[in-house]
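Data from work_20.txt: compact mmCIF, C-alpha atoms and all ligand atoms
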# COMPACT_ATOMS: atom_id res chain seq x y z
CA MET A 7 13.96 1.03 -22.48
CA THR A 8 12.70 3.23 -25.31
CA ALA A 9 10.59 1.74 -28.09
CA PRO A 10 11.46 2.58 -31.72
CA THR A 11 8.41 4.82 -32.03
CA THR A 12 6.82 6.82 -29.23
CA THR A 13 3.21 7.87 -29.04
CA PRO A 14 1.47 10.28 -26.70
CA ALA A 15 -0.82 8.87 -24.00
CA THR A 16 -4.01 9.35 -25.97
CA ALA A 17 -2.83 8.43 -29.48
CA ALA A 18 -5.40 6.64 -31.64
CA ALA A 19 -4.59 3.23 -33.13
CA THR A 20 -2.20 3.52 -36.05
CA PRO A 21 -1.40 1.02 -38.83
CA ASP A 22 1.82 0.08 -37.10
CA GLU A 23 0.14 -0.53 -33.74
CA ASP A 24 0.67 -4.27 -34.15
CA ALA A 25 4.42 -3.69 -34.47
CA LEU A 26 4.40 -1.44 -31.40
CA LEU A 27 2.46 -4.03 -29.43
CA ALA A 28 4.87 -6.77 -30.51
CA HIS A 29 7.79 -4.60 -29.39
CA PHE A 30 6.07 -3.87 -26.05
CA ASP A 31 5.37 -7.58 -25.50
CA ALA A 32 9.00 -8.41 -26.32
CA LEU A 33 10.26 -5.87 -23.76
CA ILE A 34 8.01 -7.39 -21.11
CA ALA A 35 9.07 -10.93 -22.02
CA ASP A 36 12.75 -9.92 -21.80
CA GLY A 37 12.20 -8.38 -18.36
CA GLU A 38 13.05 -4.86 -19.63
CA THR A 39 11.32 -1.88 -18.06
CA ILE A 40 8.74 0.20 -19.88
CA GLU A 41 9.55 3.91 -19.63
CA PRO A 42 7.22 6.94 -19.86
CA ARG A 43 8.09 7.75 -23.48
CA ASP A 44 7.65 4.14 -24.64
CA TRP A 45 4.51 3.12 -26.44
CA MET A 46 2.19 1.13 -24.19
CA PRO A 47 -1.33 -0.32 -24.55
CA ASP A 48 -4.05 1.89 -23.08
CA GLY A 49 -5.11 -0.93 -20.74
CA TYR A 50 -1.58 -1.16 -19.32
CA ARG A 51 -1.54 2.59 -18.72
CA ARG A 52 -4.99 2.53 -17.08
CA MET A 53 -4.08 -0.39 -14.84
CA LEU A 54 -0.93 1.36 -13.68
CA VAL A 55 -2.70 4.65 -13.01
CA ARG A 56 -5.32 2.81 -10.93
CA GLN A 57 -2.79 0.83 -8.89
CA ILE A 58 -0.23 3.62 -8.40
CA ALA A 59 -2.96 6.13 -7.48
CA GLN A 60 -4.54 3.74 -4.96
CA HIS A 61 -1.08 3.09 -3.59
CA ALA A 62 -0.25 6.81 -3.29
CA HIS A 63 -3.61 7.49 -1.62
CA SER A 64 -2.95 4.65 0.85
CA GLU A 65 0.38 6.15 1.83
CA ILE A 66 -1.06 9.56 2.69
CA ILE A 67 -4.25 8.27 4.31
CA GLY A 68 -2.09 5.74 6.16
CA MET A 69 -0.37 8.63 7.97
CA GLN A 70 -3.50 9.28 10.01
CA PRO A 71 -3.83 6.43 12.54
CA GLU A 72 -0.22 6.76 13.72
CA GLY A 73 -0.18 10.55 13.22
CA ALA A 74 -2.89 10.78 15.89
CA TRP A 75 -0.26 9.68 18.47
CA LEU A 76 2.43 12.23 17.60
CA THR A 77 1.42 14.56 20.41
CA ARG A 78 1.06 11.70 22.90
CA ALA A 79 4.23 9.66 22.37
CA PRO A 80 5.62 8.45 25.72
CA SER A 81 9.15 9.87 25.26
CA LEU A 82 11.04 12.36 23.12
CA HIS A 83 12.89 9.48 21.47
CA ARG A 84 9.69 7.65 20.49
CA LYS A 85 8.16 10.92 19.34
CA SER A 86 11.05 11.75 17.00
CA VAL A 87 11.03 8.20 15.59
CA LEU A 88 7.27 8.33 14.97
CA LEU A 89 7.51 11.78 13.42
CA ALA A 90 10.17 10.55 10.98
CA LYS A 91 8.07 7.48 10.15
CA VAL A 92 4.91 9.46 9.43
CA GLN A 93 6.91 11.93 7.32
CA ASP A 94 8.32 8.99 5.35
CA GLU A 95 4.78 7.91 4.46
CA ALA A 96 4.09 11.41 3.14
CA GLY A 97 7.26 11.14 1.06
CA HIS A 98 6.14 7.76 -0.33
CA GLY A 99 2.90 9.37 -1.41
CA LEU A 100 4.90 12.06 -3.24
CA TYR A 101 7.14 9.55 -5.07
CA LEU A 102 4.05 7.64 -6.12
CA TYR A 103 2.06 10.66 -7.30
CA SER A 104 5.14 11.65 -9.32
CA ALA A 105 5.32 8.14 -10.81
CA ALA A 106 1.61 8.36 -11.72
CA GLU A 107 2.17 11.75 -13.38
CA THR A 108 4.67 10.17 -15.80
CA LEU A 109 1.63 8.32 -17.20
CA GLY A 110 -0.02 11.58 -18.23
CA VAL A 111 -2.37 12.15 -15.29
CA ASP A 112 -2.48 15.16 -13.01
CA ARG A 113 -1.84 14.88 -9.27
CA ALA A 114 -4.60 17.39 -8.49
CA ASP A 115 -7.10 15.22 -10.41
CA LEU A 116 -5.99 12.10 -8.52
CA LEU A 117 -6.45 13.86 -5.19
CA ASP A 118 -9.83 15.11 -6.29
CA ALA A 119 -10.81 11.51 -7.15
CA LEU A 120 -9.74 10.39 -3.66
CA HIS A 121 -11.57 13.22 -1.95
CA HIS A 122 -14.80 12.56 -3.83
CA GLY A 123 -14.91 8.76 -3.74
CA ARG A 124 -13.95 7.99 -7.36
CA GLN A 125 -10.72 6.36 -6.21
CA ARG A 126 -9.86 4.83 -2.86
CA ALA A 127 -7.08 4.28 -0.41
CA SER A 128 -6.48 0.92 1.21
CA ALA A 129 -9.24 0.19 3.71
CA THR A 130 -6.54 -1.02 6.10
CA PHE A 131 -6.57 2.49 7.52
CA ASN A 132 -10.33 2.59 8.11
CA HIS A 133 -9.49 1.39 11.61
CA PRO A 134 -8.63 3.44 14.70
CA ALA A 135 -5.35 3.47 16.63
CA LEU A 136 -6.87 3.29 20.11
CA THR A 137 -3.71 3.09 22.23
CA TRP A 138 0.00 3.84 21.91
CA ALA A 139 0.57 0.12 21.24
CA ASP A 140 -1.40 0.46 18.00
CA THR A 141 1.45 2.53 16.55
CA GLY A 142 3.76 -0.44 17.15
CA ALA A 143 1.27 -2.97 15.78
CA ILE A 144 0.66 -0.86 12.67
CA ALA A 145 4.38 -0.52 11.94
CA TRP A 146 5.21 -4.15 12.70
CA LEU A 147 2.22 -5.71 10.92
CA THR A 148 1.02 -3.20 8.33
CA ASP A 149 4.42 -1.96 7.22
CA GLY A 150 5.59 -5.59 7.43
CA ALA A 151 2.81 -6.55 5.03
CA ALA A 152 3.70 -3.56 2.84
CA VAL A 153 7.30 -4.73 2.50
CA ILE A 154 6.23 -8.25 1.53
CA ASN A 155 3.65 -6.94 -0.93
CA GLN A 156 5.89 -4.26 -2.38
CA ALA A 157 9.33 -5.92 -2.56
CA PRO A 158 8.27 -7.73 -5.78
CA LEU A 159 7.06 -4.37 -7.13
CA CYS A 160 10.72 -3.24 -7.16
CA ARG A 161 10.82 -5.44 -10.30
CA THR A 162 7.49 -4.29 -11.70
CA SER A 163 7.59 -3.66 -15.44
CA TYR A 164 6.98 0.11 -15.35
CA GLY A 165 10.30 1.85 -14.66
CA PRO A 166 9.19 4.88 -12.59
CA TYR A 167 7.00 2.70 -10.35
CA ALA A 168 9.79 0.14 -9.85
CA ARG A 169 12.31 2.86 -8.95
CA ALA A 170 9.90 4.52 -6.50
CA MET A 171 9.30 1.12 -4.89
CA ARG A 172 13.01 0.51 -4.27
CA ARG A 173 13.23 3.63 -2.15
CA VAL A 174 9.88 3.02 -0.45
CA CYS A 175 10.80 -0.56 0.50
CA GLN A 176 14.10 0.47 2.07
CA GLU A 177 12.27 2.96 4.26
CA GLU A 178 9.41 0.55 5.04
CA ALA A 179 11.97 -2.00 6.26
CA PHE A 180 13.12 0.52 8.89
CA HIS A 181 9.50 1.12 9.87
CA VAL A 182 8.94 -2.57 10.49
CA ARG A 183 12.01 -2.74 12.73
CA GLN A 184 10.96 0.26 14.78
CA GLY A 185 7.46 -1.22 15.13
CA TYR A 186 8.88 -4.54 16.28
CA ASP A 187 11.19 -2.70 18.70
CA LEU A 188 8.24 -0.76 20.13
CA MET A 189 6.25 -3.98 20.57
CA ARG A 190 9.24 -5.67 22.21
CA ALA A 191 9.60 -2.80 24.70
CA LEU A 192 5.92 -3.17 25.63
CA CYS A 193 6.13 -6.96 25.84
CA GLU A 194 9.14 -6.73 28.16
CA GLY A 195 7.40 -4.07 30.28
CA THR A 196 4.63 -4.35 32.87
CA PRO A 197 1.76 -6.86 32.50
CA GLU A 198 -0.48 -3.91 31.56
CA GLN A 199 1.90 -2.89 28.77
CA LYS A 200 2.04 -6.44 27.44
CA GLU A 201 -1.75 -6.63 27.52
CA MET A 202 -1.91 -3.36 25.59
CA ALA A 203 0.42 -4.85 22.94
CA GLN A 204 -1.73 -7.99 22.64
CA ASP A 205 -4.88 -5.92 22.38
CA ALA A 206 -3.40 -3.86 19.52
CA VAL A 207 -2.32 -7.01 17.68
CA ASN A 208 -5.85 -8.36 18.07
CA ARG A 209 -7.12 -5.21 16.33
CA TRP A 210 -4.55 -4.95 13.52
CA TRP A 211 -4.00 -8.57 12.51
CA LEU A 212 -7.11 -8.87 10.33
CA PRO A 213 -6.72 -5.53 8.50
CA ALA A 214 -3.08 -6.42 7.80
CA VAL A 215 -3.50 -10.03 6.70
CA ALA A 216 -6.67 -9.39 4.70
CA LEU A 217 -6.48 -5.91 3.27
CA MET A 218 -2.79 -5.28 2.63
CA PHE A 219 -2.76 -8.14 0.11
CA GLY A 220 -6.06 -7.46 -1.64
CA PRO A 221 -8.97 -9.78 -2.32
CA PRO A 222 -8.53 -13.57 -2.14
CA ASP A 223 -7.52 -15.51 -5.27
CA THR A 224 -10.34 -17.96 -4.57
CA GLU A 225 -13.79 -18.01 -6.11
CA ALA A 226 -16.51 -16.00 -4.40
CA GLY A 227 -20.20 -16.83 -4.12
CA GLY A 228 -23.29 -14.61 -4.07
CA ALA A 229 -23.02 -10.91 -4.74
CA ASP A 230 -19.21 -11.08 -4.80
CA ALA A 231 -18.99 -13.66 -7.60
CA ARG A 232 -18.87 -11.08 -10.39
CA THR A 233 -16.34 -8.92 -8.54
CA ALA A 234 -14.18 -11.99 -7.90
CA ALA A 235 -14.29 -13.11 -11.54
CA LEU A 236 -13.45 -9.61 -12.71
CA GLY A 237 -10.71 -9.29 -10.10
CA ALA A 238 -9.18 -12.62 -11.12
CA ALA A 239 -9.14 -11.54 -14.77
CA VAL A 240 -7.56 -8.20 -13.81
CA SER A 241 -4.96 -9.99 -11.68
CA ARG A 242 -4.07 -12.38 -14.53
CA ARG A 243 -3.61 -9.39 -16.86
CA ALA A 244 -1.49 -7.59 -14.26
CA MET A 245 0.75 -10.67 -13.97
CA ALA A 246 0.99 -11.08 -17.76
CA TRP A 247 2.09 -7.44 -18.07
CA GLY A 248 4.64 -7.87 -15.30
CA ILE A 249 2.90 -5.29 -13.09
CA LYS A 250 2.25 -7.88 -10.38
CA ARG A 251 4.73 -10.70 -9.81
CA HIS A 252 2.77 -12.92 -7.39
CA THR A 253 -0.87 -13.56 -6.58
CA ASN A 254 -2.44 -11.93 -3.53
CA ASP A 255 -2.71 -15.24 -1.64
CA GLU A 256 0.93 -16.20 -2.34
CA LEU A 257 2.06 -12.95 -0.73
CA ARG A 258 -0.40 -13.37 2.14
CA GLN A 259 1.09 -16.79 2.92
CA ARG A 260 4.58 -15.28 2.90
CA PHE A 261 3.38 -12.67 5.41
CA VAL A 262 1.90 -15.26 7.79
CA ASP A 263 5.08 -17.36 7.58
CA THR A 264 7.14 -14.28 8.53
CA CYS A 265 4.92 -13.06 11.37
CA VAL A 266 4.28 -16.28 13.31
CA PRO A 267 7.89 -16.77 14.55
CA GLN A 268 8.17 -13.03 15.28
CA ALA A 269 4.97 -13.14 17.39
CA GLU A 270 6.33 -16.19 19.22
CA ARG A 271 9.55 -14.32 20.04
CA LEU A 272 7.50 -11.41 21.38
CA GLY A 273 5.30 -13.75 23.42
CA LEU A 274 2.19 -12.50 21.60
CA THR A 275 -0.65 -14.57 20.16
CA LEU A 276 -1.86 -13.86 16.65
CA PRO A 277 -5.67 -13.83 16.88
CA ASP A 278 -6.27 -16.79 14.58
CA PRO A 279 -6.78 -20.20 16.25
CA ALA A 280 -6.18 -21.94 12.90
CA ILE A 281 -2.51 -20.91 12.78
CA ARG A 282 -0.29 -24.00 12.96
CA TRP A 283 2.78 -25.28 11.13
CA ASN A 284 1.96 -27.61 8.24
CA GLU A 285 4.92 -29.93 7.75
CA GLU A 286 3.66 -31.18 4.41
CA ARG A 287 3.22 -27.75 2.85
CA GLY A 288 6.23 -26.21 4.60
CA HIS A 289 4.04 -23.24 5.55
CA TYR A 290 1.82 -22.11 8.39
CA ASP A 291 -1.88 -22.84 7.95
CA PHE A 292 -4.21 -20.01 8.86
CA THR A 293 -7.88 -19.13 8.44
CA PRO A 294 -8.25 -18.49 4.73
CA VAL A 295 -9.12 -14.92 3.82
CA ASP A 296 -12.33 -15.66 1.97
CA TRP A 297 -14.76 -13.07 0.68
CA ASP A 298 -16.73 -12.89 3.95
CA THR A 299 -13.56 -12.23 5.93
CA TYR A 300 -12.44 -9.70 3.37
CA ARG A 301 -15.73 -7.80 3.42
CA ARG A 302 -15.73 -7.80 7.23
CA ALA A 303 -12.23 -6.33 7.32
CA LEU A 304 -13.00 -3.53 4.83
CA GLY A 305 -14.68 -1.22 7.33
CA ASP A 306 -16.10 0.75 4.38
CA ASP A 307 -18.92 3.13 5.17
CA THR A 308 -17.95 3.36 8.84
CA HIS A 309 -17.25 6.36 11.03
CA TRP A 310 -13.50 5.81 10.57
CA ALA A 311 -13.67 5.50 6.78
CA ARG A 312 -15.56 8.81 6.60
CA GLN A 313 -13.29 10.44 9.17
CA ARG A 314 -10.13 9.59 7.16
CA ILE A 315 -11.43 11.35 4.05
CA ALA A 316 -12.90 14.29 6.00
CA HIS A 317 -9.58 14.82 7.78
CA ARG A 318 -7.65 14.57 4.51
CA LEU A 319 -10.00 17.03 2.79
CA ALA A 320 -9.70 19.53 5.66
CA ALA A 321 -5.88 19.31 5.54
CA HIS A 322 -5.98 19.81 1.76
CA GLU A 323 -8.17 22.88 2.08
CA ASP A 324 -6.05 24.29 4.93
CA GLY A 325 -2.99 23.88 2.75
CA ALA A 326 -4.42 25.73 -0.26
CA TRP A 327 -2.43 28.88 0.58
CA VAL A 328 0.82 26.90 0.51
CA ARG A 329 0.08 25.57 -2.99
CA GLU A 330 -0.93 29.06 -4.16
CA ALA A 331 2.28 30.54 -2.70
CA ALA A 332 4.36 27.83 -4.42
CA VAL A 333 2.73 28.55 -7.78
CA ALA A 334 3.25 32.32 -7.31
CA TYR A 335 6.87 31.73 -6.35
CA ALA A 336 7.46 29.46 -9.34
CA ALA A 337 5.95 32.09 -11.65
CA ARG A 338 8.65 34.53 -10.48
CA THR A 339 11.51 32.05 -10.77
CA ASP A 340 12.47 29.24 -13.11
CA GLU A 341 11.66 26.68 -10.46
CA PRO A 342 8.69 24.39 -11.27
CA ALA A 343 5.81 24.82 -8.80
CA GLY A 344 5.81 21.11 -7.88
CA ALA A 345 9.43 21.33 -6.69
CA ALA A 346 8.56 24.04 -4.19
CA ALA A 347 5.18 22.61 -3.12
C1 LIG B 401 -3.09 -5.47 -2.90
C2 LIG B 401 -3.72 -4.36 -3.71
C3 LIG B 401 -3.83 -3.12 -2.82
C4 LIG B 401 -5.16 -4.73 -4.13
O1 LIG B 401 -5.16 -5.98 -4.77
P1 LIG B 401 -5.76 -6.19 -6.22
O2 LIG B 401 -5.74 -7.65 -6.49
O3 LIG B 401 -5.10 -5.30 -7.20
O4 LIG B 401 -7.23 -5.81 -5.99
P2 LIG B 401 -8.19 -5.11 -7.01
O5 LIG B 401 -7.67 -3.73 -7.19
O6 LIG B 401 -8.43 -5.95 -8.20
O7 LIG B 401 -9.52 -5.13 -6.09
C5 LIG B 401 -10.85 -4.98 -6.55
C6 LIG B 401 -11.47 -3.73 -5.95
O8 LIG B 401 -11.30 -3.72 -4.55
C7 LIG B 401 -10.59 -2.56 -4.19
N1 LIG B 401 -9.66 -2.93 -3.16
C8 LIG B 401 -8.82 -3.96 -3.17
N2 LIG B 401 -8.12 -3.99 -2.03
C9 LIG B 401 -8.57 -2.96 -1.29
C10 LIG B 401 -8.27 -2.48 -0.02
N3 LIG B 401 -7.36 -3.06 0.75
N4 LIG B 401 -8.94 -1.41 0.43
C11 LIG B 401 -9.86 -0.79 -0.32
N5 LIG B 401 -10.20 -1.20 -1.53
C12 LIG B 401 -9.56 -2.29 -2.00
C13 LIG B 401 -9.88 -2.06 -5.42
O9 LIG B 401 -9.66 -0.65 -5.39
C14 LIG B 401 -10.85 -2.45 -6.48
O10 LIG B 401 -11.89 -1.47 -6.56
P3 LIG B 401 -12.03 -0.53 -7.85
O11 LIG B 401 -12.31 -1.49 -8.99
O12 LIG B 401 -10.71 0.19 -8.01
O13 LIG B 401 -13.17 0.37 -7.48
C15 LIG B 401 -2.90 -4.11 -4.99
O14 LIG B 401 -3.50 -3.10 -5.73
C16 LIG B 401 -1.46 -3.72 -4.71
O15 LIG B 401 -0.62 -4.59 -4.48
N6 LIG B 401 -1.14 -2.40 -4.73
C17 LIG B 401 0.21 -1.89 -4.47
C18 LIG B 401 0.48 -1.76 -3.01
C19 LIG B 401 -0.55 -0.93 -2.31
O16 LIG B 401 -1.30 -0.19 -2.90
N7 LIG B 401 -0.61 -1.04 -0.96
C20 LIG B 401 -1.49 -0.22 -0.20
C21 LIG B 401 -0.99 0.02 1.10
S1 LIG B 401 0.56 0.98 1.11
C22 LIG B 401 0.81 1.20 2.73
O17 LIG B 401 -0.07 0.77 3.36
C23 LIG B 401 2.00 1.84 3.37
C24 LIG B 401 1.71 2.20 4.76
C25 LIG B 401 1.89 1.27 5.77
C26 LIG B 401 1.65 1.62 7.10
C27 LIG B 401 1.26 2.90 7.43
C28 LIG B 401 1.10 3.85 6.41
C29 LIG B 401 1.31 3.48 5.09
Take the structure in this file and express it as structure tokens.
Ligand SMILES: CC(C)(COP(=O)(O)OP(=O)(O)OC[C@H]1O[C@@H](n2cnc3c(N)ncnc32)[C@H](O)[C@@H]1OP(=O)(O)O)[C@@H](O)C(=O)NCCC(=O)NCCSC(=O)Cc1ccccc1
Amino acid sequence: MTAPTTTPATAAATPDEDALLAHFDALIADGETIEPRDWMPDGYRRMLVRQIAQHAHSEIIGMQPEGAWLTRAPSLHRKSVLLAKVQDEAGHGLYLYSAAETLGVDRADLLDALHHGRQRASATFNHPALTWADTGAIAWLTDGAAVINQAPLCRTSYGPYARAMRRVCQEEAFHVRQGYDLMRALCEGTPEQKEMAQDAVNRWWLPAVALMFGPPDTEAGGADARTAALGAAVSRRAMAWGIKRHTNDELRQRFVDTCVPQAERLGLTLPDPAIRWNEERGHYDFTPVDWDTYRRALGDDTHWARQRIAHRLAAHEDGAWVREAAVAYAARTDEPAGAAA
């Protein structure tokens, strides 16, 4: 939806800013989307750039744990499925970087921020995929969490982000099914294969349940108190602007409620002794993801966290010639460089 007046990303406040803000608020209240040429508050733009960039970074860094198994898949069929899945994640990164660019930022700057620690990817991927079963656990649990977290983002208030999310979620839903199918094959296989599946679930449950949904909604104590208060304020703002539609803990509960019956069907145990059906609440209880649990799951400043960025940086540098060739090609044709890159 286009506002009556448009302003560039960096426009200074003007006398009619109040009218523009009122129009923006009315669009949000009516559930209309905000489009790139619409006027928007700077804070809204900044919040979107931060979330979309972190999301894009997570998609491309998230290729690494499963990507490590591409050369070791147990059959040609599984290999082609995994290859398509990992390629999809690269594509999601591209949709998201494109969505971020509509907000006036440059993809190269976002990548530079990732490479040099000014922005981050989800710490979910700061964990290793130790066996083939990890590829199934990642797709079942992590992509499963992604669908639950991202389905509401299909109705997020910023148009390009919402449209990217619709495509991403459709593809993620396939990923979850192939992950579940892989886990089922292992669970119906030999005792060793089933044990391998359980072991992978033991490794990936906490990163999925904690990190894919962000920090807890609850209060934090000690050194985290300020972060928690700031985070809660940011979350409230994100909800008021229609960027987020649910709190982190609401979505986390939805994830647990989805996974428990699936794990039961597979004959696997989710590694949380507190999981049990709560008749009164109509939900499964589970160990709350408090700040200690969250910090433990982050895996920041570990070998794997450093390895993910080092690997990404090496791939980026190795690919410099491709970007240069695309720019040279575009200079000789009418085609924009980004389309060929
Ligand atoms: C849920 C959350 C990611 C974070 O919740 P919020 O309430 O917005 O938290 P808030 O930002 O207030 O946090 C405060 C500070 O903590 C940081 N931080 C927080 N969480 C993390 C973390 N996990 N890891 C590391 N850092 C984290 C955060 O940057 C901030 O620090 P800053 O102040 O910037 O320095 C939210 O942004 C969202 O829904 N994003 C959209 C979806 C999306 O991005 N999904 C990603 C996965 S997509 C995928 O995986 C697909 C796939 C599947 C399988 C295989 C391959 C690929």
With a distance cut-off of 12 Å and only C-alpha atoms, select the neighbouring residues of His252 (chain A), excluding the residue or stretch itself and same-chain residues fewer than 4 positions from it, and output the selection as a ChimeraX atom specification.
/A:154-159,161-162,219-220,223,241-246,248,256-260
Which is closest to ligand LIG 401 (chain B) among A:Ala311, A:Leu304, A:Leu100, A:Cys265, if we use all atoms listed in the file?
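Ranking A:Ala311, A:Leu304, A:Leu100, A:Cys265 by distance to ligand LIG 401 (chain B), first place goes to A:Leu304.
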So which residues fall inside 9 Å of (6.9, -2.4, 16.2) if we count all atoms listed in the file? Mind giving them as a PyMOL selection string?
chain A and resi 139-147+181-191
Given a cut-off of 7 Å, what residues near ligand LIG 401 (chain B) show up using all atoms listed in the file, put as JSON, numbers by chain?
{"A": [56, 57, 58, 60, 61, 64, 65, 66, 68, 69, 95, 125, 126, 127, 128, 129, 130, 144, 145, 148, 149, 152, 155, 156, 217, 218, 219, 220, 221, 237, 240, 241, 254, 304]}
Per-residue nearest contacts region 32-137 of chain A to region 164-177 of chain A, cut-off 8 Å, using all atoms listed in the file, as a tab-separated table:
residue	atom	partner	partner_atom	distance
A:Thr39	CA	A:Gly165	CA	5.1
A:Ile40	CA	A:Tyr164	CA	4.9
A:Glu41	CA	A:Gly165	CA	5.4
A:Pro42	CA	A:Pro166	CA	7.8
A:Ile58	CA	A:Tyr167	CA	7.5
A:Asp94	CA	A:Glu177	CA	7.3
A:His98	CA	A:Val174	CA	6.0
A:Tyr101	CA	A:Ala170	CA	5.9
A:Leu102	CA	A:Ala170	CA	6.6
A:Ala105	CA	A:Pro166	CA	5.4
A:Ala106	CA	A:Tyr167	CA	7.9
A:Thr108	CA	A:Pro166	CA	7.7
In Å to one decimal, how far is CA of Trp310 (chain A) from CA of Asp115 (chain A)?
23.9 Å
By how many Å are CA of Pro222 (chain A) and CA of Gly49 (chain A) apart?
22.7 Å
Residue neighbourhood region 288-292 of chain A, 9 Å, all atoms listed in the file, exclusion window fewer than 2 positions, as a VMD selection string
chain A and resid 259 to 260 262 to 263 266 278 to 286 294 to 295
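Counting all atoms listed in the file, the residue from A:Glu38, A:Glu72, A:Asp24, A:Glu178 that sits nearest to Leu136 (chain A) is A:Glu72.
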